Structure formats: structure tokens, C-alpha cells
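Beneath this line is the structure, given in C-alpha cells, with notes to follow.
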Amino acid sequence: MSIVTVQLGQCGNQIGFEVFDALLHDSHNSQGLCSKRENEAYQASCKERFFSEEENGVPVARAVLIDMEPKVINQTLSKAAQSGRWKYGQHACFCQKQGSGNNWAYGYSVHGPKHEESIMNLIQKEVEKCDSLSGFFIIMSMAGGTGSGIGAFVTQNLQDQFSNSLKMNQIIWPYGTGEVIVQNYNSILTLSHLYRSSDALLVHENDTVHKICAKLMNIKQISFSDINQVLAHQLGSVFQPTYSAEGPFHYRRNPLGDLMENLVPHPEFKMLGIRNIPQMSEKSLAYSTFTWAGLLKHLRQMLISNAKMEEGIDWQVQPPLSGLPPLGKVSLNKELRFNTSIANLVILRGKDVQSADLEGFKDPALYTSWLQPVNAFNVWKTQRAFRKYEKSAALVSNSQFLIKPLDMIVGKAWNMFASKAYIHQYTKFGIEEEDFLASFTLLEQVVASYRNL
Amino acid sequence: MTQSVVVQVGQCGNQIGCCFWDLALGEHAAVNQKGIYDEAISSFFRNVDTRVDGDGGNISKGKICSLKARAVLIDMEEGVVNEILQGPLRDVFDSKQLITDISGSGNNWAVGHKVFGRLYQDQILEKLRKSAEHCDCLQCFFVIHSMGGGTGSGLGTFLLKMLEDEFPEVYRFVTSIYPSHEDDVITSPYNSILAMKELNEHADCVLPIDNQSLFDIISKIDLMVNSGKLGTTVKPKSLVTSSAGALKKRCKKPFDAMNNIVANLLLNLTSSARFEGSLNMDLNEISMNLVPFPQLHYLVSSLTPLYTLADVSIPPRRLDQMFSDAFSKDHQLIQADPKHSLYLACALMVRGNVQISDLRRNIERLKPSLQFVSWNQEGWKTSLCSVPPVGHSHSLLALANNTCVKPAFMDLRERFMRLYKKKAHLHHYLQVEGMEESSFSEAVSSLSALIQEYSQLDATRSLPMPDFPRLSIAV
């Protein structure tokens, strides 16, 4: 089954490019430490999911590019074409002349309805190229105007028009210290709308990825390109084909469906995060060897101590002893030390993957009481290695990890809202104070729900 | 991509405008090696086939034939505009986009606004409509004028209302040159305050600049060059010289170097909208992020670097120095001290080979020494444009919405009141049809209300950070 990717705004398009590039690179540029036949099956599966075929053999990304101004799309198209290995469809873009001005209201209420028909037609065309559709992967930022506003609008439309297909939104959480001054407003409006219309929100925080680049990848002068490449790596490690129950040569057919089934058991809890291990510059890779036991031990601790990367993990945090309430619940302190999960999915790729022992993840203490570990935890093991990593593990988790960032954004937005600053820019385009209040209410509810796990 | 139209009014406005077009041509020539008319150039220039009679057919693609500035030139005297039309830029301007008169406004806002406004209303509207028609997607009008005189101040602000009525969706960015203390026009406080009322009501964003600051900047550079500290390491093509002259040749036009600074300001402001970068910032984002309340739309600007050193490979320390300079008093284009006042919002527009980590490092470094209003503690808007300005490897334009403009406005009001109390020169204004004493009192009230707003925000500085209780959810 195929996934149609919708790239929105500058951020969405820049990241989308890196994702397709990473997927194809992994698919074609390594043997994957497995047999030729195995590798070919992998490539075919990857292709079916993300690329369609063109006459001259160059794979065409199953993607729709949307932006309200032309510069970024033009750049993205030419970068893809330059690589020679893949490209975007010629008519897969929708572009206007004037951007959304970092204004969610403008994106949602003006651009969205104005271009609804053209955008949905474009998506429809891309869907028709698929033999069978697993769903939509929508890449957008929260801080700006196009990705956030039009992203919210399009997701709603997808819910109406393709009610049987799944939608996963890849959301970029902006840096805490402004990229955009009104980013908190744009973020709460986006999140509250997406919570109603999307099936899952996969969150990547700029601050986190930035730290990974600085500490793990050792990049001195970090550019957005670097950040996007790390992000693409994380996404690739999740979305590349994985074995189905039948084992080698048989890959899972419905990537989005399987992810949702495992990770979103309840519509109140939709926020997902990815953690990867190992993550390092390719130069250092050559000198490192890993064991599954070591990798999984770190990954587990990253999960329960809410560490975002493999450095600086707090080993003091332990799951609560059974019978006693977890430390986090008793204290009213907002700093939860132990990260309770709703559901976890571990994806392992590489050598000797069958020998990896995941008992540590099945401990009921890690999870909420209303789901048994057998339902809350899943693992997908695939022999075929990912990129240059002999062994790599990805953890997709629905847990309390986003409480603090979410709480912070809601807090800052509320503070600004109380002073009424910038509100006139939104009411100008039909987003009233009631809409803001509705968003605040919904998000406070989400924070409370997660906190009370 | 969008287009912008520059409306240059009065002597000052046209002189600055002329420098701007010179630099804009230079910048695009440096970037556009193949001579193809692309979207970046089309933001400020039309591509015209001069062989076609009449208007000159617009050529939208292909090789550059003849570039015409998207500009409307207005002056009530002929001298400056004539000089432009005889100078090296004569072919850049469309002769039909000019409006001139002979007599001038006599440094009288009322003459500029009421007399000439009424007289030339239709003509101005026609030229503006024409220039808008030539645009695929018009985003912004840049009005350049001075506040202290008669034409720029009076007629310049008259057409602001016209722009608002006729083109309500198009942004109005106004670059206003405020009179300094040593201004030789006695009635400049009258003209400025009368003009400010219009700016308060009809401009989306105002970039106030004063001659004194520009003069100080030029003097400092001169000092550095002459003292031999930099010596021959100052490149001939630096930010403050036009492509036509070197730093020392200032005999021809005394304001040339100062005007170039303002022209560079406008170029850098629009660079992220014209050229590519990893974090773009369009013009509509400036207003969105920097104007928290409609009346508070005065932005203090600072530009670095102001001169180039021959040293091409800039070590990171220099890069950080660029950020520090942007917040120093010496680089502000208005006599103000933002560091010791309250920031409402701040935008950093970076050009050149600067990455997000450099930007973040410097924001972290500078944040502790700057005071932001309580509801906008992280009030930073940033942009990264890959194309540096000509002759530099990178540059930074900082736009701040800061209460430091209050003293400048209060000073202006002081100077106004000194004249007004004695009714000095008032008759020159009142004898113009449509002008009454109430025009003056209304203008001063408008300014006082604005000052009051800034004062209220300043007052919050000493208060502890307010804690607004969040919505509590029943679980």
C-alpha cells in the first residue's frame, strides 16, 4: 500500500525533500547486510510505498508540494531533479505568489478556502496513482502561517473527502526561543484543530534535533539542512519496510494502519514521538560496534527518563515498584520524572536482529493501568539494515514526553493572549477570541489527560 | 513572488530613492549573472521592450531587455527630479511615472497636503494605478519622504490615505526622515507632528530615521578611515558608498553617503522576500510579527556592518561582533537607545553564510542584556537569506519595536510646543484653505496618545511578571 505525502510551507517542503532523499538513498545505496533477494524485496516495498514509476525509470515521489510563495518549491524541485536519482512529479505542486505572512488565520481562513479545490484535486490525482492507499503523511510546521494554517485546513478536508484513509501529521515544534514571534498562537490553533481531524500527530522538536546535531553528530555550524537530515533519518528508520508476521521477503503492507493500530488506542491520546539509537556522524560509525543488549538498555532508559537522545540520560529514574503509585502521580510538581507510556513500538533493523531481547519493554510498570503490555507494546524486527548502521533501533512512543513542551507553549500563548497582543492580526481574518479560547480549552484538556496517566 | 512599488516624495525622498535604485541595480546585477529576467528582479523592476511604442510592452520572461523601476516620483519642485532624469539612472525611470510642479511647497505641510494634494489627487491616483497594473501580485508600497519639509511631509502623507482607500490589501511601509535638532527648517516640528498624525492612522509600518544618526555614523567611519586604523583595508565598494563613488569622494553630494545607508536598509529589508534562504521572511511577516497593537508600528532599525574590511574569511568572533553591533547605540538609525528601554518585539534579518546555530548562539548571548515586555519574553523573529549584499560576506538588519522611540517623539513634541505656544509662523499654515487650529491640536493629541501607550508599557517594566491563571479543567 502507498503513502501520499503532503508537504506544506517552507518547513514542510524542505523536510519532505530530505525524507524522500533519505528513503531512496537507503533503499538503493546499500546492500543492507542481507541477501540480494531480500534487498530487492525491500526495495520493491519501499518503492511501492513512496515512489511511483515513470517511463524513463526515474522514481517519482508520491508527494504533493504546497506553498503560498514560489521560492522554496522551486528550490525543492530543482534539488530533487539535480540528484538524478529521483524527482517530484511535474504537476505535483501548488504554488501562489504571496505567502501567508506567519498568520494562521490567513492560511486557514483565506488561503485554505480560496485554493481548496485546486489543492484537493492535486491530492486526488496523486491518490489515483496508487494501487491501494494506506493513508496520508502531512509534513508541516506549527510556527508559521502556511504549514500551520493551510495544514490544518487540508487535514480537515482530507477527513471529509477521504474518510476511510488514515492521516498522520508530522509536526515540527519550533525552537523555544522564537523563530516567529506569534509562533505560540499559531501552534495552539494548529494543535487544537489537528487534534480533532488527524489520526496521529508525530512531533519533532527543533530544540531536540538541534541538540542531537550538536552533541551526537558533532556538527559545528548547524544549518537547517543538517537538522532536516537528522529528522529524515529518524523518519526513514520508522517508515522503511519492516517484516510482516510471515518473516523474510514479506513486508508489512499497511505502514500507517499498523502504526496507528499499535500506537493510538484512544483518540484522546494522539501525540507520538520518535527516539533513535544509535545516532552519530557517519565518520564515527565506522569505529563503533554495538550490541542489541546495549542499545536496547539505553533506549529503554531514554523512554522512562524522558531523554530525547542518548547523551545525558538520567539513570536514576526507575519505574515505580508495583503496588505503589508512581512518584510522578503523587507530586503535584509539573516536573514528571518518570515517563509513563500508553503504547510503544520498537523497530529493530540489522544484524542478528532475532536475538534482541525486549523483555525490558514489557514491564507493566512502564504503562498505564488500562492497557496490558501485550497490547501496549509491539516490536518489529527486520534483518535488512538501515543505511550504514549495522544495528539500529527506533522507538515510536505515545507517552508523557510532550507534556512539558506542550504546557510551555500553552502557557506562553495564554500570557500573550491575556494582554491581547497581536490578536487584531487574527481577527482581521475571521479568527475570533472565542476560537482562541476553544483552542486553549482543548489543549488544557490534552495536557491534563496525559498528566493523569 | 510579489512586487513592490516605491513612491518617492519630495527632495529627500527622491534623493534617497535615487540611491536605492542605484544599489538595487547593482545588487541584482551581481546576483543575476545570466541576464535573465527572473522573479527576484521583477520584485522591483519591469522588463520593457523599448522598441514597442507607447507604454513599452512588458516582457515577463527571458533575457533582460530594458529594466524600468517600479517607482512613482513626486516632487513639487523640478530640480531634484530633473537631475535624476539627466543622471546615470535616467533610463531606469519611466518618464510617465513622474509628477512635478515648479513652485515647491515652501516647507509648509499645509501647502503640500491640502493645496497640492487636492491639485494632483487624480494624477497621483492614475500613476499609482498604472504601476499597480504592471504588477502580477503587488504586496507593498514603500513610501520614502522626510517629515520636516513641505512636499515629502505634506503630500507624502496625503497619498498614504489614498493608498489605504484605493489599495486596502497592499502594505504601506513608510521610511520617514525625522528632522534633527540642527535642522535648518524652522517649521520642521510643525510639519513633522502634522505628518505623524497621518502616519499613526494610515501607515502599516514606519521606519523612523534621523539625519543626526546617519551623520554620526558617517563621521565615525570617516574617522576610522582617516585615522589610518583601517587604512587601505577599507574596500572601495562598501555599504556606504554607491557604486559610482569611493568613500572619500563626497564633494558632489553631501547627503550621498547618508542616503546610501537608508537605501541599504530598504534592500536588506526586502532581501529575504526576493532571494532564497533556509528561513524566509516575507514583507507581510514583518508587520505580523512586529506590530502587536495597531498603533504601535514604529520600528527602530540598525544595520551592520557599515563598512567592509578586506579580510574575506571572517572568523566566528567577527560574526558575533556583527550581532553585538546591531544592538549598540552607534548603529541605530535613529537617536535612541533600545538596550535601555523595553522591547516589544525584535526581528533579525541575516544575509549571507550564516546558519541557524550562529543565530541561536547570538540570541542566547544577547538576550540577558535586553529587556522584553512580559507577554513577549521570546519576542524574536528571525530570517536567514543566503544571498549576501554586494561586497560583504554577510550582514544583519535588526528591526525593533521598542519604547525607546518615546523620548524621540517627546522631544519632537517639545519643539513643537515651543513654537506653537508663541503661535510662531502659524499664519502660514492657517491661511491655507482647509487648515484650522484644530488640525494642530488634533495632531498633538494623536502624538500624545501614542506617547501615552508607550509610557504604559514602560511602566510594566518595574512590575513583577503577571501571572494569569490558566484555565483549569475538571478531570
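Residue names in the C-alpha cells use chain letters A, B, ... in the order shown, residue numbers from 1 in each chain, and ligand numbers from 1 in the order shown.
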
8 Å contacts from chain B to chain A using only C-alpha atoms, as a ChimeraX atom specification: /B:1-2,137,139,275-276,278-280,282-286,288-294,345,355-358,375-376,378-383,467-468,470-473,475

Can you tell me, as a PDB file with N, CA and C atoms, in the first residue's frame, which residues in segment 19-184 of chain A count as strand (DSSP E or B) by DSSP?
```pdb
ATOM      1  N   PHE A  51       7.216   5.794  -3.924  1.00  0.00           N
ATOM      2  CA  PHE A  51       7.536   6.290  -5.251  1.00  0.00           C
ATOM      3  C   PHE A  51       6.658   5.626  -6.306  1.00  0.00           C
ATOM      4  N   SER A  52       6.402   6.385  -7.349  1.00  0.00           N
ATOM      5  CA  SER A  52       5.720   5.751  -8.473  1.00  0.00           C
ATOM      6  C   SER A  52       6.702   5.686  -9.626  1.00  0.00           C
ATOM      7  N   VAL A  60       9.410   8.636  -9.108  1.00  0.00           N
ATOM      8  CA  VAL A  60       8.772   9.918  -8.817  1.00  0.00           C
ATOM      9  C   VAL A  60       8.133   9.840  -7.434  1.00  0.00           C
ATOM     10  N   ALA A  61       8.467  10.772  -6.582  1.00  0.00           N
ATOM     11  CA  ALA A  61       7.954  10.739  -5.208  1.00  0.00           C
ATOM     12  C   ALA A  61       6.442  10.872  -5.210  1.00  0.00           C
ATOM     13  N   ALA A  63       4.180  12.585  -3.848  1.00  0.00           N
ATOM     14  CA  ALA A  63       4.068  13.749  -2.977  1.00  0.00           C
ATOM     15  C   ALA A  63       3.352  14.892  -3.664  1.00  0.00           C
ATOM     16  N   VAL A  64       2.709  15.706  -2.840  1.00  0.00           N
ATOM     17  CA  VAL A  64       2.094  16.935  -3.317  1.00  0.00           C
ATOM     18  C   VAL A  64       2.770  18.077  -2.571  1.00  0.00           C
ATOM     19  N   LEU A  65       3.293  19.061  -3.327  1.00  0.00           N
ATOM     20  CA  LEU A  65       4.010  20.172  -2.699  1.00  0.00           C
ATOM     21  C   LEU A  65       3.124  21.401  -2.698  1.00  0.00           C
ATOM     22  N   ILE A  66       2.943  21.979  -1.521  1.00  0.00           N
ATOM     23  CA  ILE A  66       2.066  23.147  -1.423  1.00  0.00           C
ATOM     24  C   ILE A  66       2.798  24.264  -0.707  1.00  0.00           C
ATOM     25  N   ASP A  67       2.781  25.441  -1.320  1.00  0.00           N
ATOM     26  CA  ASP A  67       3.311  26.606  -0.629  1.00  0.00           C
ATOM     27  C   ASP A  67       2.638  27.838  -1.218  1.00  0.00           C
ATOM     28  N   LYS A  87      12.800  12.222  -8.502  1.00  0.00           N
ATOM     29  CA  LYS A  87      12.308  13.584  -8.679  1.00  0.00           C
ATOM     30  C   LYS A  87      10.864  13.680  -8.220  1.00  0.00           C
ATOM     31  N   CYS A  93       2.766  20.284  -7.856  1.00  0.00           N
ATOM     32  CA  CYS A  93       2.900  21.424  -6.947  1.00  0.00           C
ATOM     33  C   CYS A  93       1.741  22.372  -7.041  1.00  0.00           C
ATOM     34  N   PHE A  94       1.456  22.974  -5.912  1.00  0.00           N
ATOM     35  CA  PHE A  94       0.538  24.090  -5.904  1.00  0.00           C
ATOM     36  C   PHE A  94       1.239  25.270  -5.256  1.00  0.00           C
ATOM     37  N   CYS A  95       1.231  26.374  -5.980  1.00  0.00           N
ATOM     38  CA  CYS A  95       2.021  27.500  -5.529  1.00  0.00           C
ATOM     39  C   CYS A  95       1.268  28.788  -5.779  1.00  0.00           C
ATOM     40  N   LEU A 133      -4.266   2.684  -1.169  1.00  0.00           N
ATOM     41  CA  LEU A 133      -3.779   3.791  -0.351  1.00  0.00           C
ATOM     42  C   LEU A 133      -3.771   3.439   1.131  1.00  0.00           C
ATOM     43  N   SER A 134      -2.588   3.576   1.743  1.00  0.00           N
ATOM     44  CA  SER A 134      -2.525   3.353   3.182  1.00  0.00           C
ATOM     45  C   SER A 134      -2.991   4.613   3.924  1.00  0.00           C
ATOM     46  N   GLY A 135      -2.622   5.771   3.371  1.00  0.00           N
ATOM     47  CA  GLY A 135      -3.064   6.998   4.010  1.00  0.00           C
ATOM     48  C   GLY A 135      -2.172   8.161   3.642  1.00  0.00           C
ATOM     49  N   PHE A 136      -2.288   9.233   4.423  1.00  0.00           N
ATOM     50  CA  PHE A 136      -1.584  10.470   4.131  1.00  0.00           C
ATOM     51  C   PHE A 136      -0.580  10.798   5.208  1.00  0.00           C
ATOM     52  N   PHE A 137       0.554  11.311   4.761  1.00  0.00           N
ATOM     53  CA  PHE A 137       1.593  11.769   5.678  1.00  0.00           C
ATOM     54  C   PHE A 137       1.766  13.250   5.402  1.00  0.00           C
ATOM     55  N   ILE A 138       1.386  14.088   6.362  1.00  0.00           N
ATOM     56  CA  ILE A 138       1.365  15.526   6.119  1.00  0.00           C
ATOM     57  C   ILE A 138       2.482  16.188   6.903  1.00  0.00           C
ATOM     58  N   ILE A 139       3.414  16.814   6.193  1.00  0.00           N
ATOM     59  CA  ILE A 139       4.570  17.421   6.856  1.00  0.00           C
ATOM     60  C   ILE A 139       4.371  18.928   6.937  1.00  0.00           C
ATOM     61  N   MET A 140       4.432  19.469   8.147  1.00  0.00           N
ATOM     62  CA  MET A 140       4.145  20.890   8.336  1.00  0.00           C
ATOM     63  C   MET A 140       4.797  21.411   9.604  1.00  0.00           C
ATOM     64  N   SER A 141       4.991  22.719   9.653  1.00  0.00           N
ATOM     65  CA  SER A 141       5.482  23.303  10.898  1.00  0.00           C
ATOM     66  C   SER A 141       4.292  23.925  11.608  1.00  0.00           C
ATOM     67  N   LEU A 166      -6.179   6.899   6.511  1.00  0.00           N
ATOM     68  CA  LEU A 166      -5.565   7.419   7.727  1.00  0.00           C
ATOM     69  C   LEU A 166      -4.753   8.669   7.435  1.00  0.00           C
ATOM     70  N   LYS A 167      -4.628   9.497   8.468  1.00  0.00           N
ATOM     71  CA  LYS A 167      -3.820  10.701   8.310  1.00  0.00           C
ATOM     72  C   LYS A 167      -2.858  10.798   9.474  1.00  0.00           C
ATOM     73  N   MET A 168      -1.568  10.909   9.131  1.00  0.00           N
ATOM     74  CA  MET A 168      -0.588  11.169  10.177  1.00  0.00           C
ATOM     75  C   MET A 168       0.071  12.507   9.873  1.00  0.00           C
ATOM     76  N   ASN A 169       0.052  13.398  10.844  1.00  0.00           N
ATOM     77  CA  ASN A 169       0.674  14.713  10.635  1.00  0.00           C
ATOM     78  C   ASN A 169       2.037  14.759  11.302  1.00  0.00           C
ATOM     79  N   GLN A 170       3.047  15.065  10.500  1.00  0.00           N
ATOM     80  CA  GLN A 170       4.391  15.258  11.041  1.00  0.00           C
ATOM     81  C   GLN A 170       4.497  16.732  11.384  1.00  0.00           C
ATOM     82  N   ILE A 171       4.563  17.027  12.685  1.00  0.00           N
ATOM     83  CA  ILE A 171       4.551  18.434  13.093  1.00  0.00           C
ATOM     84  C   ILE A 171       5.912  18.845  13.606  1.00  0.00           C
ATOM     85  N   ILE A 172       6.374  19.988  13.157  1.00  0.00           N
ATOM     86  CA  ILE A 172       7.644  20.493  13.639  1.00  0.00           C
ATOM     87  C   ILE A 172       7.363  21.512  14.743  1.00  0.00           C
ATOM     88  N   TRP A 173       7.859  21.189  15.907  1.00  0.00           N
ATOM     89  CA  TRP A 173       7.721  22.031  17.079  1.00  0.00           C
ATOM     90  C   TRP A 173       8.834  23.080  17.015  1.00  0.00           C
TER      91      TRP A 173
END
```

Computed interatomic separation between atom CA of Ser188 of chain B and atom CA of Val5 of chain B (Å):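 Interatomic distance here is 27.4 Å.
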
For atom CA of Gly236 of chain A and atom CA of Tyr88 of chain A, the interatomic separation in Å (one decimal):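 Spanning atom CA of Gly236 of chain A to atom CA of Tyr88 of chain A is a straight-line distance of 18.0 Å.
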
Pick from B:His340, B:His145, B:Lys127, B:Arg351, whichever lies nearest to Ser328 of chain B using only C-alpha atoms: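 Ranking B:His340, B:His145, B:Lys127, B:Arg351 by distance to Ser328 of chain B, first place goes to B:His340.
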
Distance query Ser301 of chain B at most 10 Å, only C-alpha atoms, self and fewer than 5 positions along chain excluded, as a PyMOL selection string: chain B and resi 207-209+262+265+326-327+331-334+346-347+397-401

For Val58 of chain A, find every residue with an atom within 7 Å (counting only C-alpha atoms), except residues of its own chain fewer than 3 positions away, and show them as a CSV table (one decimal) with N, CA, C and O atoms, in the first residue's frame.
```
chain,number,residue,atom,x,y,z
A,53,GLU,N,6.4,4.9,-10.6
A,53,GLU,CA,7.3,4.6,-11.7
A,53,GLU,C,7.1,5.6,-12.8
A,53,GLU,O,6.0,6.0,-13.1
A,54,GLU,N,8.1,6.0,-13.5
A,54,GLU,CA,8.0,6.8,-14.7
A,54,GLU,C,8.6,6.1,-15.9
A,54,GLU,O,9.4,5.2,-15.7
A,85,ARG,N,18.6,10.9,-9.1
A,85,ARG,CA,18.1,9.5,-8.7
A,85,ARG,C,16.6,9.4,-8.5
A,85,ARG,O,16.0,8.4,-8.6
A,86,TRP,N,16.0,10.6,-8.3
A,86,TRP,CA,14.6,10.6,-8.1
A,86,TRP,C,14.1,12.0,-8.4
A,86,TRP,O,14.9,13.0,-8.5
```

Residue contacts of segment 422-437 of chain B (12 Å, only C-alpha atoms) excluding same-chain residues fewer than 2 positions away, as a PyMOL selection string: chain B and resi 105-118+150+154+185-191+194+415-420+439-444

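Pairwise distance (atom CA of Arg337 of chain A, atom CA of Gln234 of chain A) equals 24.7 Å.
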
DSSP-assigned alpha helix (DSSP H) members of segment 20-156 of chain B, reported as a count of residues only: 44

Distance criterion (only C-alpha atoms): nearest to Leu406 of chain A out of A:Thr291, A:Tyr367, A:Pro319, A:Asn184: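 Closest to Leu406 of chain A, using only C-alpha atoms: A:Asn184.
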
Contacts of segment 254-265 of chain A within 9 Å, only C-alpha atoms, excl. fewer than 6 positions in-chain, as a PyMOL selection string: chain A and resi 1-3+49+133-137+165-168+199-200+239-242+271-272+342-345+375-378+396-398
